[in-house]
>>> print(open('upload00.cif').read())   # mmCIF, C-alpha atoms
data_data
loop_
_atom_site.label_atom_id
_atom_site.label_comp_id
_atom_site.auth_asym_id
_atom_site.auth_seq_id
_atom_site.Cartn_x
_atom_site.Cartn_y
_atom_site.Cartn_z
CA MET X 1 132.86 61.37 -129.30
CA GLU X 2 131.31 58.19 -130.72
CA MET X 3 133.64 56.06 -132.82
CA SER X 4 132.93 53.35 -135.39
CA THR X 5 135.52 50.85 -136.62
CA ARG X 6 135.32 48.58 -139.63
CA ASN X 7 137.54 46.70 -142.03
CA TYR X 8 137.75 47.57 -145.70
CA GLU X 9 139.12 45.51 -148.57
CA ILE X 10 141.04 48.12 -150.57
CA PRO X 11 142.41 47.33 -154.05
CA VAL X 12 145.74 49.01 -154.80
CA ALA X 13 146.46 49.32 -158.52
CA GLY X 14 149.23 47.00 -159.68
CA LEU X 15 149.81 45.57 -156.21
CA GLY X 16 146.84 43.73 -154.76
CA THR X 17 144.04 44.01 -152.23
CA VAL X 18 144.64 45.00 -148.62
CA GLU X 19 142.41 44.67 -145.57
CA VAL X 20 142.56 47.94 -143.64
CA THR X 21 141.08 48.61 -140.20
CA VAL X 22 139.63 52.12 -140.15
CA SER X 23 138.19 54.08 -137.23
CA GLU X 24 135.90 57.01 -137.91
CA ARG X 25 134.65 59.84 -135.70
CA GLY X 26 132.54 62.93 -136.21
CA GLU X 27 130.96 64.75 -139.11
CA GLY X 28 132.13 67.71 -141.18
CA SER X 29 135.26 68.51 -143.15
CA PRO X 30 137.22 65.28 -143.70
CA PHE X 31 140.63 64.58 -142.17
CA LEU X 32 142.86 61.54 -142.70
CA LEU X 33 144.91 61.07 -139.51
CA LEU X 34 148.00 58.85 -139.89
CA HIS X 35 149.75 57.40 -136.85
CA GLY X 36 153.47 56.88 -136.34
CA GLY X 37 155.53 53.91 -135.19
CA GLY X 38 153.86 53.76 -131.79
CA GLY X 39 150.66 52.54 -133.41
CA PRO X 40 147.06 53.75 -133.58
CA LEU X 41 146.76 54.37 -129.83
CA THR X 42 149.14 57.33 -130.21
CA VAL X 43 146.49 59.27 -132.17
CA SER X 44 143.19 57.90 -130.85
CA ALA X 45 142.60 60.55 -128.18
CA PHE X 46 143.60 63.36 -130.54
CA ALA X 47 141.22 62.00 -133.20
CA GLY X 48 138.39 62.67 -130.75
CA LEU X 49 139.55 66.24 -130.16
CA LEU X 50 139.84 66.89 -133.88
CA ALA X 51 136.43 65.39 -134.58
CA ALA X 52 134.84 67.76 -132.04
CA GLN X 53 135.75 70.80 -134.21
CA PRO X 54 133.49 69.43 -135.85
CA ALA X 55 135.20 67.26 -138.44
CA ARG X 56 135.01 63.80 -139.94
CA VAL X 57 138.21 62.06 -138.86
CA ILE X 58 139.33 58.87 -140.62
CA THR X 59 142.07 56.99 -138.74
CA PRO X 60 143.44 53.85 -140.42
CA THR X 61 145.70 51.34 -138.72
CA HIS X 62 148.73 50.72 -140.92
CA PRO X 63 148.51 47.02 -141.86
CA GLY X 64 150.74 45.01 -139.52
CA PHE X 65 150.31 47.38 -136.58
CA ALA X 66 148.18 46.46 -133.55
CA GLY X 67 148.07 42.84 -134.68
CA THR X 68 146.38 43.56 -138.03
CA PRO X 69 147.31 41.52 -141.13
CA ARG X 70 149.86 42.79 -143.64
CA PRO X 71 150.43 41.19 -147.06
CA ASP X 72 154.11 40.51 -147.78
CA TRP X 73 154.11 42.82 -150.80
CA LEU X 74 153.02 45.81 -148.74
CA ASN X 75 156.45 46.71 -147.38
CA SER X 76 157.11 50.38 -148.14
CA ILE X 77 155.99 53.86 -147.18
CA ARG X 78 155.13 54.55 -150.82
CA GLY X 79 152.90 51.49 -150.81
CA LEU X 80 151.04 52.83 -147.77
CA ALA X 81 150.61 56.19 -149.52
CA GLU X 82 149.05 54.47 -152.52
CA LEU X 83 146.85 52.42 -150.20
CA TYR X 84 145.47 55.48 -148.44
CA LEU X 85 144.73 57.33 -151.65
CA ALA X 86 142.81 54.23 -152.72
CA LEU X 87 141.01 54.33 -149.35
CA LEU X 88 139.91 57.92 -150.02
CA ASP X 89 138.58 56.72 -153.39
CA ARG X 90 136.71 53.87 -151.67
CA LEU X 91 135.15 56.32 -149.18
CA ASP X 92 134.54 58.86 -151.96
CA LEU X 93 136.06 61.68 -149.91
CA ASN X 94 137.16 65.02 -151.36
CA GLN X 95 138.97 68.07 -149.98
CA VAL X 96 140.68 65.89 -147.37
CA THR X 97 143.29 67.39 -145.06
CA VAL X 98 145.95 64.74 -144.36
CA VAL X 99 147.63 64.91 -140.94
CA GLY X 100 150.52 62.54 -140.21
CA ASN X 101 152.87 62.12 -137.25
CA SER X 102 156.39 60.63 -137.57
CA ILE X 103 156.18 57.87 -140.21
CA GLY X 104 152.57 58.99 -140.68
CA GLY X 105 154.04 62.30 -141.84
CA TRP X 106 156.35 60.41 -144.17
CA ILE X 107 153.33 58.61 -145.65
CA ALA X 108 151.59 61.96 -146.03
CA SER X 109 154.66 63.34 -147.85
CA GLU X 110 154.50 60.50 -150.35
CA MET X 111 150.76 61.04 -150.80
CA ALA X 112 151.39 64.73 -151.50
CA MET X 113 153.65 63.84 -154.43
CA LEU X 114 151.17 61.52 -156.11
CA ASP X 115 148.78 62.89 -158.72
CA ASP X 116 145.62 63.21 -156.66
CA THR X 117 142.41 65.21 -156.58
CA ARG X 118 141.06 63.97 -153.24
CA THR X 119 143.32 65.97 -150.91
CA SER X 120 143.36 69.69 -150.12
CA GLY X 121 146.41 70.05 -147.86
CA PHE X 122 148.96 68.28 -145.70
CA VAL X 123 150.10 68.70 -142.10
CA LEU X 124 153.40 66.96 -141.36
CA VAL X 125 153.88 66.58 -137.60
CA ASP X 126 157.47 65.73 -136.59
CA ALA X 127 157.67 63.71 -139.80
CA VAL X 128 160.62 61.44 -140.53
CA GLY X 129 161.68 60.07 -143.92
CA THR X 130 164.05 62.70 -145.33
CA GLU X 131 167.83 62.51 -145.18
CA VAL X 132 169.29 65.69 -143.68
CA PRO X 133 173.11 65.84 -143.59
CA GLY X 134 174.31 66.47 -140.06
CA ASN X 135 170.86 65.85 -138.59
CA PRO X 136 170.01 62.16 -138.87
CA VAL X 137 166.94 60.61 -137.33
CA VAL X 138 168.04 59.00 -134.05
CA ASP X 139 168.75 55.25 -134.12
CA PHE X 140 165.40 54.52 -132.53
CA PHE X 141 165.88 50.77 -132.44
CA SER X 142 169.02 51.02 -130.30
CA LEU X 143 167.29 52.98 -127.54
CA THR X 144 166.07 51.61 -124.23
CA PRO X 145 162.43 52.39 -123.32
CA ARG X 146 163.64 55.16 -121.01
CA GLN X 147 165.78 56.64 -123.77
CA VAL X 148 162.83 56.50 -126.17
CA ALA X 149 160.83 58.56 -123.67
CA GLU X 150 163.67 61.06 -123.21
CA HIS X 151 163.97 61.52 -126.96
CA SER X 152 160.23 61.63 -127.57
CA TYR X 153 158.89 63.98 -124.88
CA HIS X 154 159.61 67.36 -123.37
CA ASP X 155 158.41 65.81 -120.09
CA PRO X 156 159.41 62.13 -120.26
CA ASP X 157 158.54 61.48 -116.61
CA LYS X 158 154.92 62.44 -117.28
CA PHE X 159 154.38 60.85 -120.67
CA GLY X 160 156.92 58.00 -120.95
CA ILE X 161 155.82 54.38 -120.62
CA ASP X 162 157.48 51.99 -118.14
CA PRO X 163 157.38 48.58 -119.87
CA THR X 164 157.91 46.78 -116.54
CA LYS X 165 154.39 47.89 -115.58
CA LEU X 166 152.72 46.67 -118.77
CA PRO X 167 150.90 43.33 -119.14
CA PRO X 168 152.41 40.68 -121.45
CA GLU X 169 149.86 41.33 -124.23
CA ALA X 170 150.80 45.03 -124.32
CA LEU X 171 154.50 44.16 -124.55
CA GLN X 172 153.73 41.73 -127.37
CA ALA X 173 151.81 44.43 -129.23
CA MET X 174 154.71 46.89 -128.83
CA ALA X 175 157.16 44.32 -130.19
CA GLY X 176 154.90 43.64 -133.15
CA ASN X 177 154.62 47.36 -133.89
CA ARG X 178 158.41 47.73 -133.82
CA ALA X 179 158.85 44.81 -136.22
CA THR X 180 156.31 46.29 -138.62
CA LEU X 181 157.92 49.72 -138.37
CA THR X 182 161.21 48.17 -139.51
CA VAL X 183 159.51 46.61 -142.55
CA TYR X 184 158.07 49.92 -143.72
CA ALA X 185 160.73 52.44 -142.67
CA GLY X 186 163.95 50.45 -142.37
CA ALA X 187 166.38 50.83 -139.49
CA SER X 188 167.42 54.35 -140.55
CA MET X 189 163.84 55.62 -141.09
CA ASN X 190 164.76 57.63 -144.17
CA ASP X 191 164.66 57.53 -147.95
CA PRO X 192 167.68 59.28 -149.53
CA SER X 193 165.57 60.17 -152.60
CA LEU X 194 162.73 61.84 -150.67
CA SER X 195 164.18 65.34 -150.26
CA ARG X 196 164.84 65.84 -153.95
CA ARG X 197 161.39 64.50 -154.88
CA LEU X 198 159.50 66.83 -152.53
CA HIS X 199 159.76 69.67 -155.06
CA GLY X 200 156.83 67.94 -156.76
CA VAL X 201 154.40 68.78 -153.93
CA THR X 202 151.73 71.20 -155.18
CA LYS X 203 149.27 71.24 -152.26
CA PRO X 204 149.47 73.60 -149.25
CA THR X 205 151.69 72.06 -146.59
CA LEU X 206 152.32 72.87 -142.92
CA VAL X 207 155.30 71.35 -141.12
CA LEU X 208 154.81 71.30 -137.33
CA TRP X 209 157.65 70.46 -134.98
CA GLY X 210 158.10 69.99 -131.25
CA ASP X 211 160.93 72.18 -129.97
CA ALA X 212 162.08 69.35 -127.67
CA ASP X 213 161.95 66.57 -130.29
CA ARG X 214 165.15 64.53 -130.09
CA ILE X 215 164.01 61.76 -132.43
CA ALA X 216 164.46 64.31 -135.23
CA ASN X 217 165.36 67.83 -134.14
CA ALA X 218 163.90 71.17 -135.23
CA ASP X 219 166.68 71.78 -137.78
CA TYR X 220 165.66 68.51 -139.41
CA GLY X 221 162.10 69.83 -139.54
CA ARG X 222 163.19 73.12 -141.08
CA ALA X 223 165.11 71.23 -143.77
CA LEU X 224 162.00 69.17 -144.52
CA ALA X 225 159.89 72.31 -144.86
CA GLY X 226 162.56 73.93 -147.03
CA ALA X 227 162.37 71.06 -149.50
CA ILE X 228 158.62 71.51 -150.07
CA PRO X 229 157.51 74.43 -152.30
CA GLY X 230 155.63 77.01 -150.27
CA ALA X 231 155.59 74.93 -147.07
CA ARG X 232 155.33 76.75 -143.75
CA PHE X 233 157.31 75.66 -140.69
CA GLN X 234 155.90 76.15 -137.20
CA GLN X 235 157.46 75.13 -133.89
CA LEU X 236 155.40 73.89 -130.94
CA GLU X 237 156.61 74.90 -127.47
CA LYS X 238 157.58 72.47 -124.70
CA THR X 239 156.76 69.63 -127.05
CA GLY X 240 158.57 66.52 -128.21
CA HIS X 241 158.00 64.05 -131.04
CA LEU X 242 154.36 63.34 -130.20
CA PRO X 243 152.49 66.66 -129.94
CA GLN X 244 149.13 64.91 -130.21
CA ILE X 245 149.85 63.33 -126.81
CA GLU X 246 151.94 65.98 -125.07
CA THR X 247 150.43 69.29 -126.25
CA PRO X 248 147.26 68.39 -128.16
CA ASP X 249 145.73 71.86 -127.82
CA GLN X 250 148.74 73.48 -129.52
CA LEU X 251 148.54 70.94 -132.32
CA LEU X 252 144.80 71.38 -132.70
CA ASN X 253 145.08 75.17 -132.88
CA ALA X 254 147.82 74.97 -135.52
CA ILE X 255 145.78 72.59 -137.67
CA ARG X 256 142.66 74.71 -137.29
CA ALA X 257 144.52 77.85 -138.37
CA PHE X 258 146.06 76.05 -141.35
CA VAL X 259 142.71 74.75 -142.58
CA HIS X 260 140.89 78.04 -142.07
CA ASP X 261 143.62 80.45 -143.18
CA GLY X 262 146.34 78.68 -145.09
CA ALA X 263 145.01 75.75 -147.03
CA SER X 264 143.05 77.92 -149.45
CA ALA X 265 146.29 79.26 -150.95
CA ARG X 266 148.41 77.08 -153.19
CA PRO X 267 152.19 77.05 -152.71
CA ALA X 268 154.15 79.71 -154.56
#
>>> encode(input="upload00.cif", output="structure tokens")
Amino acid sequence: MEMSTRNYEIPVAGLGTVEVTVSERGEGSPFLLLHGGGGPLTVSAFAGLLAAQPARVITPTHPGFAGTPRPDWLNSIRGLAELYLALLDRLDLNQVTVVGNSIGGWIASEMAMLDDTRTSGFVLVDAVGTEVPGNPVVDFFSLTPRQVAEHSYHDPDKFGIDPTKLPPEALQAMAGNRATLTVYAGASMNDPSLSRRLHGVTKPTLVLWGDADRIANADYGRALAGAIPGARFQQLEKTGHLPQIETPDQLLNAIRAFVHDGASARPA
């Protein structure tokens, strides 16, 4: 699938202008695909699969990730949500399905609560951001690379990354992504106010969760879905925190069914 990448200068009302690197693939129904803390490479292969449906897949790099610039004032998940709604305005896209993994799902949650006419539905994939008593998001920043793999994948031996085998520039990029993740999400990767604000979501929402996710477990996912009016919760088998890498076909089928069957109905 052919991909084009360009930078956009996006004005965000009341904040400023942000340079955003955006990759685009395919033609058809539009999707906004939002990556998590691992950076844009964690969704690039899946973007190609989704675009082959066919679909038009827009994949921005969160400013500060992958070595991209980030203005000092852009330092919150809410700010990213406002940025991406402004991006949809800039691209003049309508009926957009927003798909977000991990903090990308958190960004999507914030987008879903903003008054917006550009989006048609939201797919939250192992999304963090909420505070669930008794089920906190793991302290990601205290984990060794091996522990990150064990928490992130059903099969960590197959999908985990051994940093000792990476070149220095890749290690530098990973460190930069981690630092940027801390700016946006904080060390705890949650917003105590998010759960009570999610009642304001009015668009169809699907919450997808890997049954082997140990970054945030399935009960955490169920609590997230329960806070969103009319949201549907679906578990993915033999899958961890990154379904788009570990079980992309399951993820693709769930998104396809949601768009074709579920997104036409508004939440009760």
>>> resolve_selection(input="upload00.cif", expression="the PyMOL selection byres ((chain X and resi 171-178) around 12)", output="compact mmCIF listing (two decimals) with C-alpha atoms, in the coordinates of the input")
# COMPACT_ATOMS: atom_id res chain seq x y z
CA HIS X 35 149.75 57.40 -136.85
CA GLY X 36 153.47 56.88 -136.34
CA GLY X 37 155.53 53.91 -135.19
CA GLY X 38 153.86 53.76 -131.79
CA GLY X 39 150.66 52.54 -133.41
CA PRO X 40 147.06 53.75 -133.58
CA LEU X 41 146.76 54.37 -129.83
CA THR X 42 149.14 57.33 -130.21
CA THR X 61 145.70 51.34 -138.72
CA HIS X 62 148.73 50.72 -140.92
CA PRO X 63 148.51 47.02 -141.86
CA GLY X 64 150.74 45.01 -139.52
CA PHE X 65 150.31 47.38 -136.58
CA ALA X 66 148.18 46.46 -133.55
CA GLY X 67 148.07 42.84 -134.68
CA THR X 68 146.38 43.56 -138.03
CA PRO X 69 147.31 41.52 -141.13
CA ARG X 70 149.86 42.79 -143.64
CA PHE X 140 165.40 54.52 -132.53
CA PHE X 141 165.88 50.77 -132.44
CA SER X 142 169.02 51.02 -130.30
CA PRO X 145 162.43 52.39 -123.32
CA ILE X 161 155.82 54.38 -120.62
CA ASP X 162 157.48 51.99 -118.14
CA PRO X 163 157.38 48.58 -119.87
CA THR X 164 157.91 46.78 -116.54
CA LYS X 165 154.39 47.89 -115.58
CA LEU X 166 152.72 46.67 -118.77
CA PRO X 167 150.90 43.33 -119.14
CA PRO X 168 152.41 40.68 -121.45
CA GLU X 169 149.86 41.33 -124.23
CA ALA X 170 150.80 45.03 -124.32
CA ALA X 179 158.85 44.81 -136.22
CA THR X 180 156.31 46.29 -138.62
CA LEU X 181 157.92 49.72 -138.37
CA THR X 182 161.21 48.17 -139.51
CA VAL X 183 159.51 46.61 -142.55
CA TYR X 184 158.07 49.92 -143.72
CA ALA X 185 160.73 52.44 -142.67
CA GLY X 186 163.95 50.45 -142.37
CA ALA X 187 166.38 50.83 -139.49
>>> residues_near_point(input="upload00.cif", point="(141.3, 50.0, -136.4)", cutoff="6 Å", atoms="all atoms listed in the file", output="list in words")
Thr5, Thr21, Val22, Ser23, Pro60 and Thr61 of chain X
>>> closest_residue(input="upload00.cif", among="X:Gly200, X:Val98, X:Asn253, X:Leu15", to="Asp72 in chain X", atoms="all atoms listed in the file")
X:Leu15
>>> residues_around(input="upload00.cif", residues="range 222-229 of chain X", least_positions_apart="6", cutoff="9 Å", atoms="all atoms listed in the file", output="list of chain:residue names")
X:Ala127, X:Val128, X:Thr130, X:Glu131, X:Val132, X:Ser195, X:Arg196, X:Arg197, X:Leu198, X:His199, X:Gly200, X:Val201, X:Thr202, X:Lys203, X:Pro204, X:Thr205, X:Leu206, X:Val207, X:Trp209, X:Pro267, X:Ala268
>>> residues_around(input="upload00.cif", residues="Gly240 in chain X", least_positions_apart="6", cutoff="8 Å", atoms="all atoms listed in the file", output="CSV table (one decimal) with C-alpha atoms, in the frame of the given file")
chain,number,residue,atom,x,y,z
X,151,HIS,CA,164.0,61.5,-127.0
X,152,SER,CA,160.2,61.6,-127.6
X,153,TYR,CA,158.9,64.0,-124.9
X,154,HIS,CA,159.6,67.4,-123.4
X,209,TRP,CA,157.6,70.5,-135.0
X,210,GLY,CA,158.1,70.0,-131.2
X,211,ASP,CA,160.9,72.2,-130.0
X,212,ALA,CA,162.1,69.4,-127.7
X,213,ASP,CA,162.0,66.6,-130.3
X,214,ARG,CA,165.2,64.5,-130.1
X,246,GLU,CA,151.9,66.0,-125.1
>>> residues_near_point(input="upload00.cif", point="(153.0, 56.4, -149.9)", cutoff="6 Å", atoms="all atoms listed in the file", output="list of chain:residue names")
X:Ile77, X:Arg78, X:Gly79, X:Leu80, X:Ala81, X:Glu82, X:Ile107, X:Glu110, X:Met111
>>> closest_residue(input="upload00.cif", among="X:Asn217, X:Gln235, X:Ser76, X:Thr97", to="Val259 in chain X", atoms="all atoms listed in the file")
X:Thr97
>>> closest_residue(input="upload00.cif", among="X:Gln244, X:Ser102, X:Thr239, X:Ser120", to="Pro156 in chain X", atoms="only C-alpha atoms")
X:Thr239
>>> atom_distance(input="upload00.cif", atom1="CA of Met189 in chain X", atom2="CA of Ile245 in chain X")
21.4 Å
>>> resolve_selection(input="upload00.cif", expression="the PyMOL selection byres ((chain X and resi 88) around 12)", output="count of residues only")
33
>>> closest_residue(input="upload00.cif", among="X:Arg146, X:His241, X:Arg56, X:Arg256", to="Ile215 in chain X", atoms="only C-alpha atoms")
X:His241
>>> atom_distance(input="upload00.cif", atom1="CA of Phe233 in chain X", atom2="CA of Lys158 in chain X")
27.0 Å
>>> atom_distance(input="upload00.cif", atom1="CA of Gly221 in chain X", atom2="CA of Gln147 in chain X")
20.9 Å
>>> closest_residue(input="upload00.cif", among="X:Ala112, X:Ala231, X:Leu143, X:Val123", to="Leu34 in chain X", atoms="only C-alpha atoms")
X:Val123
>>> closest_residue(input="upload00.cif", among="X:Gly129, X:Gly16, X:Pro192, X:Pro248", to="Ala45 in chain X", atoms="only C-alpha atoms")
X:Pro248
